[in-house]
file structure_4.txt (compact mmCIF, C-alpha atoms and all ligand atoms)
# COMPACT_ATOMS: atom_id res chain seq x y z
CA MET V 1 -5.99 8.62 -0.30
CA PRO V 2 -6.68 4.95 -1.21
CA ASN V 3 -10.05 3.82 -0.05
CA VAL V 4 -12.05 0.66 0.26
CA SER V 5 -13.66 -1.12 -2.65
CA GLY V 6 -14.21 -4.67 -3.82
CA LEU V 7 -13.73 -7.68 -1.60
CA TYR V 8 -13.08 -6.70 2.04
CA ALA V 9 -11.93 -9.81 3.92
CA ILE V 10 -12.33 -9.88 7.70
CA THR V 11 -10.35 -12.47 9.63
CA PRO V 12 -12.03 -15.24 11.58
CA ASP V 13 -11.33 -14.94 15.32
CA THR V 14 -8.79 -17.66 16.12
CA ASP V 15 -5.72 -18.54 18.17
CA ASN V 16 -4.51 -20.80 15.35
CA SER V 17 -2.04 -18.42 13.73
CA GLU V 18 -0.60 -20.90 11.25
CA GLN V 19 -4.03 -21.69 9.81
CA LEU V 20 -4.98 -18.01 9.85
CA ILE V 21 -1.93 -17.06 7.79
CA GLU V 22 -2.76 -19.73 5.21
CA GLN V 23 -6.39 -18.64 5.05
CA VAL V 24 -5.55 -14.97 4.68
CA SER V 25 -2.89 -15.67 2.03
CA ALA V 26 -5.51 -17.55 0.02
CA ALA V 27 -8.02 -14.70 0.36
CA LEU V 28 -5.42 -12.17 -0.82
CA ASP V 29 -4.34 -14.45 -3.67
CA GLY V 30 -7.99 -14.65 -4.72
CA GLY V 31 -8.30 -10.88 -4.91
CA ALA V 32 -9.29 -9.37 -1.53
CA ARG V 33 -8.46 -5.65 -1.72
CA VAL V 34 -8.90 -4.89 1.97
CA LEU V 35 -8.04 -7.04 4.99
CA GLN V 36 -9.42 -6.34 8.45
CA TYR V 37 -7.86 -8.00 11.48
CA ARG V 38 -10.75 -8.80 13.84
CA ASN V 39 -9.83 -10.77 16.93
CA LYS V 40 -11.68 -10.38 20.20
CA GLY V 41 -10.54 -13.61 21.86
CA SER V 42 -6.76 -13.87 21.84
CA ASP V 43 -4.36 -12.35 24.36
CA THR V 44 -2.44 -9.15 23.63
CA VAL V 45 0.80 -10.87 22.65
CA ARG V 46 -0.89 -13.17 20.12
CA ARG V 47 -2.98 -10.31 18.72
CA LEU V 48 0.16 -8.21 18.16
CA TRP V 49 1.97 -11.15 16.57
CA GLN V 50 -0.91 -12.06 14.27
CA ALA V 51 -1.58 -8.44 13.30
CA ASN V 52 2.08 -7.84 12.43
CA ILE V 53 2.25 -10.88 10.14
CA LEU V 54 -1.08 -10.11 8.48
CA ALA V 55 -0.09 -6.47 7.97
CA SER V 56 2.99 -7.56 6.03
CA LEU V 57 0.99 -10.11 4.05
CA ALA V 58 -1.52 -7.42 3.07
CA ARG V 59 1.25 -4.97 2.21
CA SER V 60 3.01 -7.52 0.00
CA ARG V 61 -0.25 -7.96 -1.98
CA HIS V 62 -0.97 -4.19 -2.15
CA ALA V 63 -4.13 -4.64 -0.09
CA LEU V 64 -5.23 -2.23 2.62
CA PHE V 65 -4.84 -3.39 6.23
CA ILE V 66 -7.38 -2.28 8.81
CA VAL V 67 -7.53 -3.23 12.51
CA ASN V 68 -10.92 -3.70 14.14
CA ASP V 69 -11.68 -1.81 17.38
CA ASP V 70 -8.13 -1.35 18.67
CA ILE V 71 -6.42 1.97 17.90
CA GLU V 72 -3.25 1.09 19.82
CA LEU V 73 -2.84 -2.14 17.88
CA ALA V 74 -3.40 -0.27 14.61
CA GLN V 75 -0.62 2.13 15.61
CA ALA V 76 1.69 -0.66 16.72
CA VAL V 77 1.53 -2.50 13.38
CA LYS V 78 1.35 0.64 11.22
CA ALA V 79 -2.01 -0.37 9.83
CA ASP V 80 -3.67 1.72 7.14
CA GLY V 81 -6.51 2.37 9.53
CA VAL V 82 -9.05 1.24 12.08
CA HIS V 83 -12.71 0.21 12.04
CA VAL V 84 -14.92 1.43 14.89
CA GLY V 85 -18.50 0.72 15.93
CA ARG V 86 -20.87 2.03 18.58
CA ASP V 87 -19.03 0.29 21.43
CA ASP V 88 -15.60 1.47 20.29
CA ALA V 89 -13.61 4.71 20.32
CA ALA V 90 -15.18 7.78 18.72
CA ILE V 91 -14.14 8.64 15.17
CA ALA V 92 -12.55 11.88 16.39
CA ALA V 93 -10.43 9.99 18.92
CA ALA V 94 -9.29 7.53 16.24
CA ARG V 95 -8.40 10.43 13.93
CA ALA V 96 -6.50 12.24 16.68
CA ALA V 97 -4.49 9.10 17.44
CA LEU V 98 -3.84 7.88 13.88
CA GLY V 99 -3.53 11.14 11.98
CA PRO V 100 -4.93 12.57 8.75
CA ALA V 101 -3.70 9.80 6.45
CA ALA V 102 -5.42 6.98 8.35
CA LEU V 103 -8.48 5.24 6.95
CA ILE V 104 -11.23 5.27 9.52
CA GLY V 105 -14.27 3.07 8.96
CA ALA V 106 -17.48 3.34 10.94
CA SER V 107 -20.25 0.81 11.51
CA CYS V 108 -23.61 2.42 10.79
CA TYR V 109 -25.85 -0.67 11.16
CA ASN V 110 -29.17 0.21 9.44
CA ASP V 111 -29.00 3.93 10.10
CA ILE V 112 -28.33 6.50 7.35
CA ALA V 113 -28.39 9.40 9.82
CA LEU V 114 -25.58 7.69 11.72
CA ALA V 115 -23.68 7.35 8.43
CA ARG V 116 -24.07 11.07 7.70
CA ALA V 117 -22.83 11.88 11.20
CA ALA V 118 -19.89 9.50 10.77
CA VAL V 119 -18.87 11.20 7.53
CA ALA V 120 -19.20 14.61 9.16
CA ALA V 121 -16.96 13.35 11.98
CA GLY V 122 -14.32 12.28 9.46
CA ALA V 123 -15.03 8.65 8.59
CA ASN V 124 -13.44 7.55 5.30
CA TYR V 125 -15.97 4.77 4.73
CA VAL V 126 -19.12 3.50 6.38
CA ALA V 127 -20.52 -0.01 6.77
CA PHE V 128 -24.17 -1.08 6.76
CA GLY V 129 -25.27 -4.48 8.03
CA ALA V 130 -26.12 -7.16 8.69
CA VAL V 131 -27.55 -7.33 5.17
CA PHE V 132 -28.26 -11.07 5.67
CA PRO V 133 -28.43 -13.16 8.86
CA SER V 134 -24.90 -13.72 10.13
CA ALA V 135 -23.74 -16.89 11.87
CA THR V 136 -20.63 -14.99 13.02
CA LYS V 137 -22.73 -12.28 14.71
CA PRO V 138 -26.28 -13.63 15.05
CA GLN V 139 -27.40 -10.69 17.21
CA ALA V 140 -26.48 -8.11 14.55
CA VAL V 141 -29.26 -5.71 13.55
CA ALA V 142 -30.81 -6.38 10.11
CA ALA V 143 -30.05 -3.75 7.47
CA PRO V 144 -32.01 -3.56 4.18
CA LEU V 145 -30.13 -3.50 0.87
CA ALA V 146 -32.15 -0.39 -0.05
CA LEU V 147 -29.75 1.58 2.18
CA PHE V 148 -27.20 1.53 -0.63
CA ALA V 149 -29.46 3.26 -3.13
CA GLN V 150 -30.45 5.74 -0.42
CA SER V 151 -26.86 6.63 0.46
CA ILE V 152 -25.31 7.24 -2.97
CA ASP V 153 -24.73 10.91 -2.09
CA LEU V 154 -22.77 10.14 1.07
CA GLY V 155 -19.43 10.82 -0.59
CA VAL V 156 -17.56 7.88 0.91
CA PRO V 157 -17.51 4.16 0.04
CA ARG V 158 -20.32 2.13 1.55
CA VAL V 159 -19.45 -1.38 2.71
CA ALA V 160 -22.01 -4.16 3.15
CA ILE V 161 -21.48 -6.74 5.89
CA GLY V 162 -23.31 -9.71 7.36
CA GLY V 163 -24.07 -13.16 5.98
CA ILE V 164 -22.59 -12.44 2.56
CA THR V 165 -21.74 -15.53 0.50
CA THR V 166 -20.93 -16.33 -3.13
CA ALA V 167 -24.64 -17.16 -3.50
CA ASN V 168 -26.02 -13.78 -2.42
CA ALA V 169 -23.16 -11.30 -3.00
CA GLY V 170 -24.41 -10.44 -6.51
CA GLN V 171 -27.56 -8.92 -4.99
CA VAL V 172 -25.46 -6.77 -2.67
CA VAL V 173 -23.28 -5.43 -5.47
CA ALA V 174 -26.36 -4.84 -7.65
CA ALA V 175 -27.88 -2.86 -4.75
CA GLY V 176 -24.92 -0.47 -4.96
CA ALA V 177 -22.46 -1.52 -2.25
CA ASP V 178 -18.92 -0.33 -2.98
CA ALA V 179 -17.38 -3.22 -1.04
CA ILE V 180 -18.48 -6.47 0.57
CA ALA V 181 -17.07 -7.43 3.97
CA VAL V 182 -17.08 -11.17 4.49
CA ILE V 183 -15.97 -13.58 7.21
CA GLY V 184 -17.77 -16.95 7.15
CA GLY V 185 -18.78 -16.83 3.49
CA LEU V 186 -15.11 -16.49 2.59
CA PHE V 187 -13.15 -18.35 5.27
CA ASP V 188 -15.41 -21.29 6.18
CA GLY V 189 -14.14 -24.47 4.51
CA ASP V 190 -11.67 -25.27 1.73
CA GLY V 191 -11.54 -23.27 -1.50
CA ILE V 192 -10.90 -19.81 -0.01
CA ALA V 193 -8.90 -18.49 -2.98
CA GLU V 194 -11.63 -19.61 -5.39
CA ARG V 195 -14.39 -18.02 -3.32
CA ALA V 196 -12.35 -14.83 -3.01
CA ALA V 197 -11.89 -14.74 -6.78
CA THR V 198 -15.64 -15.23 -7.34
CA LEU V 199 -16.48 -12.44 -4.88
CA ALA V 200 -13.79 -10.08 -6.20
CA ALA V 201 -14.90 -10.61 -9.81
CA LEU V 202 -18.29 -9.07 -8.97
CA PHE V 203 -16.53 -5.69 -8.97
CA ASP V 204 -14.75 -6.09 -12.35
C1 LIG V 301 -16.36 -3.50 7.65
C2 LIG V 301 -16.98 -3.72 8.99
N1 LIG V 301 -18.27 -3.37 9.17
C3 LIG V 301 -18.85 -3.56 10.37
C4 LIG V 301 -18.12 -4.09 11.43
C5 LIG V 301 -18.75 -4.27 12.77
O1 LIG V 301 -18.17 -3.38 13.74
P1 LIG V 301 -18.81 -3.31 15.20
O2 LIG V 301 -20.22 -2.93 15.08
O3 LIG V 301 -17.93 -2.48 16.04
O4 LIG V 301 -18.77 -4.82 15.70
P2 LIG V 301 -17.49 -5.74 15.93
O5 LIG V 301 -16.92 -6.15 14.61
O6 LIG V 301 -16.46 -4.95 16.70
O7 LIG V 301 -18.03 -6.91 16.68
C6 LIG V 301 -16.78 -4.43 11.18
N2 LIG V 301 -16.01 -4.96 12.14
N3 LIG V 301 -16.23 -4.22 9.97
C1 LIG V 302 -18.94 -8.02 12.49
C2 LIG V 302 -20.30 -8.05 11.93
N1 LIG V 302 -21.12 -6.97 12.02
C3 LIG V 302 -22.31 -7.18 11.46
S1 LIG V 302 -22.46 -8.76 10.85
C4 LIG V 302 -20.86 -9.12 11.31
C5 LIG V 302 -20.23 -10.44 11.08
C6 LIG V 302 -19.93 -10.70 9.63
O1 LIG V 302 -19.49 -12.02 9.48
P1 LIG V 302 -20.12 -12.99 8.40
O2 LIG V 302 -19.61 -12.55 7.07
O3 LIG V 302 -19.58 -14.35 8.79
O4 LIG V 302 -21.61 -12.93 8.53
MG MG V 303 -16.22 -2.92 17.00

call {"tool": "encode", "arguments": {"input": "structure_4.txt", "output": "structure tokens"}}
result
Amino acid sequence: MPNVSGLYAITPDTDNSEQLIEQVSAALDGGARVLQYRNKGSDTVRRLWQANILASLARSRHALFIVNDDIELAQAVKADGVHVGRDDAAIAAARAALGPAALIGASCYNDIALARAAVAAGANYVAFGAVFPSATKPQAVAAPLALFAQSIDLGVPRVAIGGITTANAGQVVAAGADAIAVIGGLFDGDGIAERAATLAALFD
């Protein structure tokens, strides 16, 4: 089964679909290997429309497409998988709905025991964060980079998230993260393809 590694782009939450498509195309052109659709603000119709377009964009670039939180939306757009956190569906429920081939990612915050439980429950990758303060999610719990050295034996890819930029991503990769999940540090401002290429090259 393909799994997550390298640059993991997460979409900014927006109703502006035209701009979103341009931004995501640039991130994929730059080398993002995984794309997560994360939208908590738009209505159901727009979310379905955006997710469908982004799923085909990701597919055309051979990148994995993951939907945040929403199992039904992941099913509707034939996503590669879903990402769930503590306020979302249980891993077992996601697996039951999406089947054995789906990629299920689990947020584990700063908690290795939670990561071990997530793997035991069938998660295909885990995420630790926020590894740096995040303007996108300022209330996120702080997670030390040491978690990556401590979780080498987990047996699934470990994704870092939170406040990652081209300036600090090298530290995260050096700490042992298998992938870096980025919103603001990738999508804020012009030059998305260039930033994506810089971030992706850290895994070469
Ligand atoms: C790759 C990745 N890691 C962590 C999260 C955060 O998930 P969660 O804790 O459920 O918070 P929300 O993103 O739903 O606000 C993620 N989405 N992706
Ligand atoms: C969803 C999420 N979970 C922890 S931090 C975060 C937001 C990541 O966004 P950014 O890369 O802009 O800090
Ligand atoms: Mg969530």

call {"tool": "residues_near_ligand", "arguments": {"input": "structure_4.txt", "ligand": "ligand LIG 302 (chain V)", "cutoff": "10 Å", "atoms": "all atoms listed in the file", "output": "PDB file with C-alpha atoms, keeping the file's coordinate frame"}}
result
ATOM      1  CA  ALA V   9     -11.930  -9.810   3.920  1.00  0.00           C
ATOM      2  CA  ILE V  10     -12.330  -9.880   7.700  1.00  0.00           C
ATOM      3  CA  THR V  11     -10.350 -12.470   9.630  1.00  0.00           C
ATOM      4  CA  PRO V  12     -12.030 -15.240  11.580  1.00  0.00           C
ATOM      5  CA  ARG V  38     -10.750  -8.800  13.840  1.00  0.00           C
ATOM      6  CA  ASN V  68     -10.920  -3.700  14.140  1.00  0.00           C
ATOM      7  CA  GLY V  85     -18.500   0.720  15.930  1.00  0.00           C
ATOM      8  CA  SER V 107     -20.250   0.810  11.510  1.00  0.00           C
ATOM      9  CA  CYS V 108     -23.610   2.420  10.790  1.00  0.00           C
ATOM     10  CA  TYR V 109     -25.850  -0.670  11.160  1.00  0.00           C
ATOM     11  CA  ALA V 127     -20.520  -0.010   6.770  1.00  0.00           C
ATOM     12  CA  PHE V 128     -24.170  -1.080   6.760  1.00  0.00           C
ATOM     13  CA  GLY V 129     -25.270  -4.480   8.030  1.00  0.00           C
ATOM     14  CA  ALA V 130     -26.120  -7.160   8.690  1.00  0.00           C
ATOM     15  CA  VAL V 131     -27.550  -7.330   5.170  1.00  0.00           C
ATOM     16  CA  PHE V 132     -28.260 -11.070   5.670  1.00  0.00           C
ATOM     17  CA  PRO V 133     -28.430 -13.160   8.860  1.00  0.00           C
ATOM     18  CA  SER V 134     -24.900 -13.720  10.130  1.00  0.00           C
ATOM     19  CA  ALA V 135     -23.740 -16.890  11.870  1.00  0.00           C
ATOM     20  CA  THR V 136     -20.630 -14.990  13.020  1.00  0.00           C
ATOM     21  CA  LYS V 137     -22.730 -12.280  14.710  1.00  0.00           C
ATOM     22  CA  PRO V 138     -26.280 -13.630  15.050  1.00  0.00           C
ATOM     23  CA  GLN V 139     -27.400 -10.690  17.210  1.00  0.00           C
ATOM     24  CA  ALA V 140     -26.480  -8.110  14.550  1.00  0.00           C
ATOM     25  CA  VAL V 141     -29.260  -5.710  13.550  1.00  0.00           C
ATOM     26  CA  ALA V 142     -30.810  -6.380  10.110  1.00  0.00           C
ATOM     27  CA  ALA V 143     -30.050  -3.750   7.470  1.00  0.00           C
ATOM     28  CA  ALA V 160     -22.010  -4.160   3.150  1.00  0.00           C
ATOM     29  CA  ILE V 161     -21.480  -6.740   5.890  1.00  0.00           C
ATOM     30  CA  GLY V 162     -23.310  -9.710   7.360  1.00  0.00           C
ATOM     31  CA  GLY V 163     -24.070 -13.160   5.980  1.00  0.00           C
ATOM     32  CA  ILE V 164     -22.590 -12.440   2.560  1.00  0.00           C
ATOM     33  CA  THR V 165     -21.740 -15.530   0.500  1.00  0.00           C
ATOM     34  CA  ILE V 180     -18.480  -6.470   0.570  1.00  0.00           C
ATOM     35  CA  ALA V 181     -17.070  -7.430   3.970  1.00  0.00           C
ATOM     36  CA  VAL V 182     -17.080 -11.170   4.490  1.00  0.00           C
ATOM     37  CA  ILE V 183     -15.970 -13.580   7.210  1.00  0.00           C
ATOM     38  CA  GLY V 184     -17.770 -16.950   7.150  1.00  0.00           C
ATOM     39  CA  GLY V 185     -18.780 -16.830   3.490  1.00  0.00           C
ATOM     40  CA  LEU V 186     -15.110 -16.490   2.590  1.00  0.00           C
ATOM     41  CA  PHE V 187     -13.150 -18.350   5.270  1.00  0.00           C
ATOM     42  CA  ASP V 188     -15.410 -21.290   6.180  1.00  0.00           C
TER      43      ASP V 188
END

call {"tool": "residues_near_ligand", "arguments": {"input": "structure_4.txt", "ligand": "ligand MG 303 (chain V)", "cutoff": "7 Å", "atoms": "only C-alpha atoms and all ligand atoms", "output": "list in words"}}
result
Asn68, Asp69, His83, Val84, Gly85, Arg86, Asp87 and Asp88 of chain V

call {"tool": "residues_near_point", "arguments": {"input": "structure_4.txt", "point": "(-1.9, -6.2, 1.5)", "cutoff": "8 Å", "atoms": "all atoms listed in the file", "output": "PyMOL selection string"}}
result
chain V and resi 28+33-35+55-65

call {"tool": "closest_residue", "arguments": {"input": "structure_4.txt", "among": "V:Ala179, V:Ala94, V:Val24, V:Leu54", "to": "ligand LIG 301 (chain V)", "atoms": "all atoms listed in the file"}}
result
V:Ala179

call {"tool": "axis_aligned_box", "arguments": {"input": "structure_4.txt", "around": "range 77-89 of chain V", "padding_each_side": "4 Å", "output": "JSON"}}
result
{"center_x": -9.7, "center_y": 1.1, "center_z": 14.3, "size_x": 30.4, "size_y": 15.2, "size_z": 22.3}

call {"tool": "atom_distance", "arguments": {"input": "structure_4.txt", "atom1": "CA of Leu48 in chain V", "atom2": "CA of Asp29 in chain V"}}
result
23.1 Å

call {"tool": "atom_distance", "arguments": {"input": "structure_4.txt", "atom1": "CA of Gly105 in chain V", "atom2": "CA of Ala177 in chain V"}}
result
14.6 Å

call {"tool": "closest_residue", "arguments": {"input": "structure_4.txt", "among": "V:Val82, V:Ile112, V:Ala117, V:Val159", "to": "ligand LIG 301 (chain V)", "atoms": "only C-alpha atoms and all ligand atoms"}}
result
V:Val159

call {"tool": "closest_residue", "arguments": {"input": "structure_4.txt", "among": "V:Asp15, V:Asp43, V:Asp153, V:Asp178", "to": "ligand LIG 301 (chain V)", "atoms": "only C-alpha atoms and all ligand atoms"}}
result
V:Asp178

call {"tool": "residues_around", "arguments": {"input": "structure_4.txt", "residues": "Ile91 in chain V", "least_positions_apart": "5", "cutoff": "9 Å", "atoms": "all atoms listed in the file", "output": "list in words"}}
result
Val84, Ala96, Ile104, Gly105, Ala106, Ala118, Ala121, Gly122 and Ala123 of chain V

call {"tool": "atom_distance", "arguments": {"input": "structure_4.txt", "atom1": "CA of Asp190 in chain V", "atom2": "CA of Gly30 in chain V"}}
result
13.0 Å

call {"tool": "closest_residue", "arguments": {"input": "structure_4.txt", "among": "V:Leu147, V:Val77, V:Ala97, V:Ala120", "to": "Val172 in chain V", "atoms": "all atoms listed in the file"}}
result
V:Leu147

call {"tool": "closest_residue", "arguments": {"input": "structure_4.txt", "among": "V:Ala51, V:Ile192, V:Ala197, V:Val126", "to": "ligand LIG 301 (chain V)", "atoms": "only C-alpha atoms and all ligand atoms"}}
result
V:Val126

call {"tool": "residues_near_point", "arguments": {"input": "structure_4.txt", "point": "(-0.1, -15.3, 11.1)", "cutoff": "7 Å", "atoms": "all atoms listed in the file", "output": "PyMOL selection string"}}
result
chain V and resi 17-18+20-21+50+53-54

call {"tool": "closest_residue", "arguments": {"input": "structure_4.txt", "among": "V:Gly189, V:Ala79, V:Pro157, V:Thr44", "to": "Gly6 in chain V", "atoms": "only C-alpha atoms"}}
result
V:Pro157

call {"tool": "decode", "arguments": {"input": "structure_4.txt", "residues": "range 20-55 of chain V", "atoms": "N, CA and C atoms", "output": "CSV table (one decimal), in the first residue's frame"}}
result
chain,number,residue,atom,x,y,z
V,20,LEU,N,-7.9,28.4,-4.9
V,20,LEU,CA,-7.5,27.2,-4.2
V,20,LEU,C,-6.9,26.2,-5.3
V,21,ILE,N,-7.6,26.1,-6.4
V,21,ILE,CA,-7.1,25.2,-7.5
V,21,ILE,C,-5.7,25.6,-8.0
V,22,GLU,N,-5.6,26.9,-8.1
V,22,GLU,CA,-4.3,27.4,-8.6
V,22,GLU,C,-3.2,27.2,-7.5
V,23,GLN,N,-3.5,27.4,-6.3
V,23,GLN,CA,-2.6,27.2,-5.2
V,23,GLN,C,-2.2,25.7,-5.1
V,24,VAL,N,-3.2,24.8,-5.2
V,24,VAL,CA,-2.9,23.4,-5.0
V,24,VAL,C,-2.1,22.9,-6.2
V,25,SER,N,-2.4,23.4,-7.4
V,25,SER,CA,-1.7,23.0,-8.6
V,25,SER,C,-0.2,23.3,-8.4
V,26,ALA,N,0.1,24.5,-7.9
V,26,ALA,CA,1.4,25.0,-7.7
V,26,ALA,C,2.1,24.1,-6.7
V,27,ALA,N,1.4,23.7,-5.6
V,27,ALA,CA,2.1,22.9,-4.6
V,27,ALA,C,2.4,21.5,-5.2
V,28,LEU,N,1.5,21.0,-6.0
V,28,LEU,CA,1.7,19.7,-6.6
V,28,LEU,C,2.9,19.8,-7.7
V,29,ASP,N,2.9,20.8,-8.4
V,29,ASP,CA,4.0,21.0,-9.4
V,29,ASP,C,5.3,21.1,-8.7
V,30,GLY,N,5.3,21.7,-7.5
V,30,GLY,CA,6.6,21.8,-6.7
V,30,GLY,C,7.0,20.5,-6.1
V,31,GLY,N,6.1,19.6,-6.0
V,31,GLY,CA,6.6,18.3,-5.5
V,31,GLY,C,5.9,17.7,-4.2
V,32,ALA,N,4.7,18.3,-3.9
V,32,ALA,CA,3.9,17.7,-2.8
V,32,ALA,C,3.5,16.3,-3.1
V,33,ARG,N,3.7,15.3,-2.2
V,33,ARG,CA,3.4,13.9,-2.5
V,33,ARG,C,2.1,13.5,-1.9
V,34,VAL,N,1.6,14.3,-1.0
V,34,VAL,CA,0.3,14.0,-0.4
V,34,VAL,C,-0.5,15.3,-0.3
V,35,LEU,N,-1.8,15.3,-0.6
V,35,LEU,CA,-2.6,16.4,-0.5
V,35,LEU,C,-3.8,16.1,0.4
V,36,GLN,N,-4.0,16.9,1.5
V,36,GLN,CA,-5.1,16.7,2.3
V,36,GLN,C,-6.1,17.9,2.1
V,37,TYR,N,-7.4,17.5,1.9
V,37,TYR,CA,-8.4,18.6,1.8
V,37,TYR,C,-9.0,18.8,3.2
V,38,ARG,N,-8.7,20.0,3.7
V,38,ARG,CA,-9.1,20.4,5.0
V,38,ARG,C,-10.0,21.7,4.9
V,39,ASN,N,-11.3,21.6,5.1
V,39,ASN,CA,-12.2,22.7,4.9
V,39,ASN,C,-13.3,22.5,6.0
V,40,LYS,N,-13.3,23.4,6.9
V,40,LYS,CA,-14.3,23.4,8.0
V,40,LYS,C,-15.3,24.5,7.9
V,41,GLY,N,-15.2,25.3,6.9
V,41,GLY,CA,-16.0,26.5,6.8
V,41,GLY,C,-17.0,26.5,5.7
V,42,SER,N,-16.8,25.8,4.6
V,42,SER,CA,-17.7,25.9,3.4
V,42,SER,C,-18.9,25.0,3.6
V,43,ASP,N,-19.9,25.3,2.8
V,43,ASP,CA,-21.1,24.4,2.8
V,43,ASP,C,-20.8,23.1,2.1
V,44,THR,N,-21.8,22.2,2.3
V,44,THR,CA,-21.6,20.8,1.8
V,44,THR,C,-21.4,20.8,0.3
V,45,VAL,N,-22.1,21.6,-0.4
V,45,VAL,CA,-22.0,21.5,-1.9
V,45,VAL,C,-20.6,22.0,-2.4
V,46,ARG,N,-20.2,23.1,-1.8
V,46,ARG,CA,-18.9,23.6,-2.2
V,46,ARG,C,-17.7,22.6,-1.7
V,47,ARG,N,-17.9,22.0,-0.6
V,47,ARG,CA,-16.9,21.1,-0.1
V,47,ARG,C,-16.8,19.9,-1.1
V,48,LEU,N,-17.9,19.4,-1.5
V,48,LEU,CA,-17.9,18.3,-2.5
V,48,LEU,C,-17.3,18.7,-3.8
V,49,TRP,N,-17.7,19.9,-4.2
V,49,TRP,CA,-17.1,20.4,-5.5
V,49,TRP,C,-15.6,20.5,-5.4
V,50,GLN,N,-15.2,21.2,-4.4
V,50,GLN,CA,-13.7,21.4,-4.2
V,50,GLN,C,-13.0,20.1,-4.1
V,51,ALA,N,-13.5,19.2,-3.3
V,51,ALA,CA,-12.8,17.9,-3.0
V,51,ALA,C,-12.7,17.1,-4.3
V,52,ASN,N,-13.8,17.1,-5.1
V,52,ASN,CA,-13.7,16.4,-6.4
V,52,ASN,C,-12.6,16.9,-7.3
V,53,ILE,N,-12.6,18.2,-7.5
V,53,ILE,CA,-11.6,18.8,-8.3
V,53,ILE,C,-10.2,18.5,-7.8
V,54,LEU,N,-10.0,18.7,-6.5
V,54,LEU,CA,-8.6,18.5,-5.9
V,54,LEU,C,-8.2,17.0,-6.0
V,55,ALA,N,-9.2,16.1,-5.8
V,55,ALA,CA,-8.9,14.7,-6.0
V,55,ALA,C,-8.4,14.4,-7.4
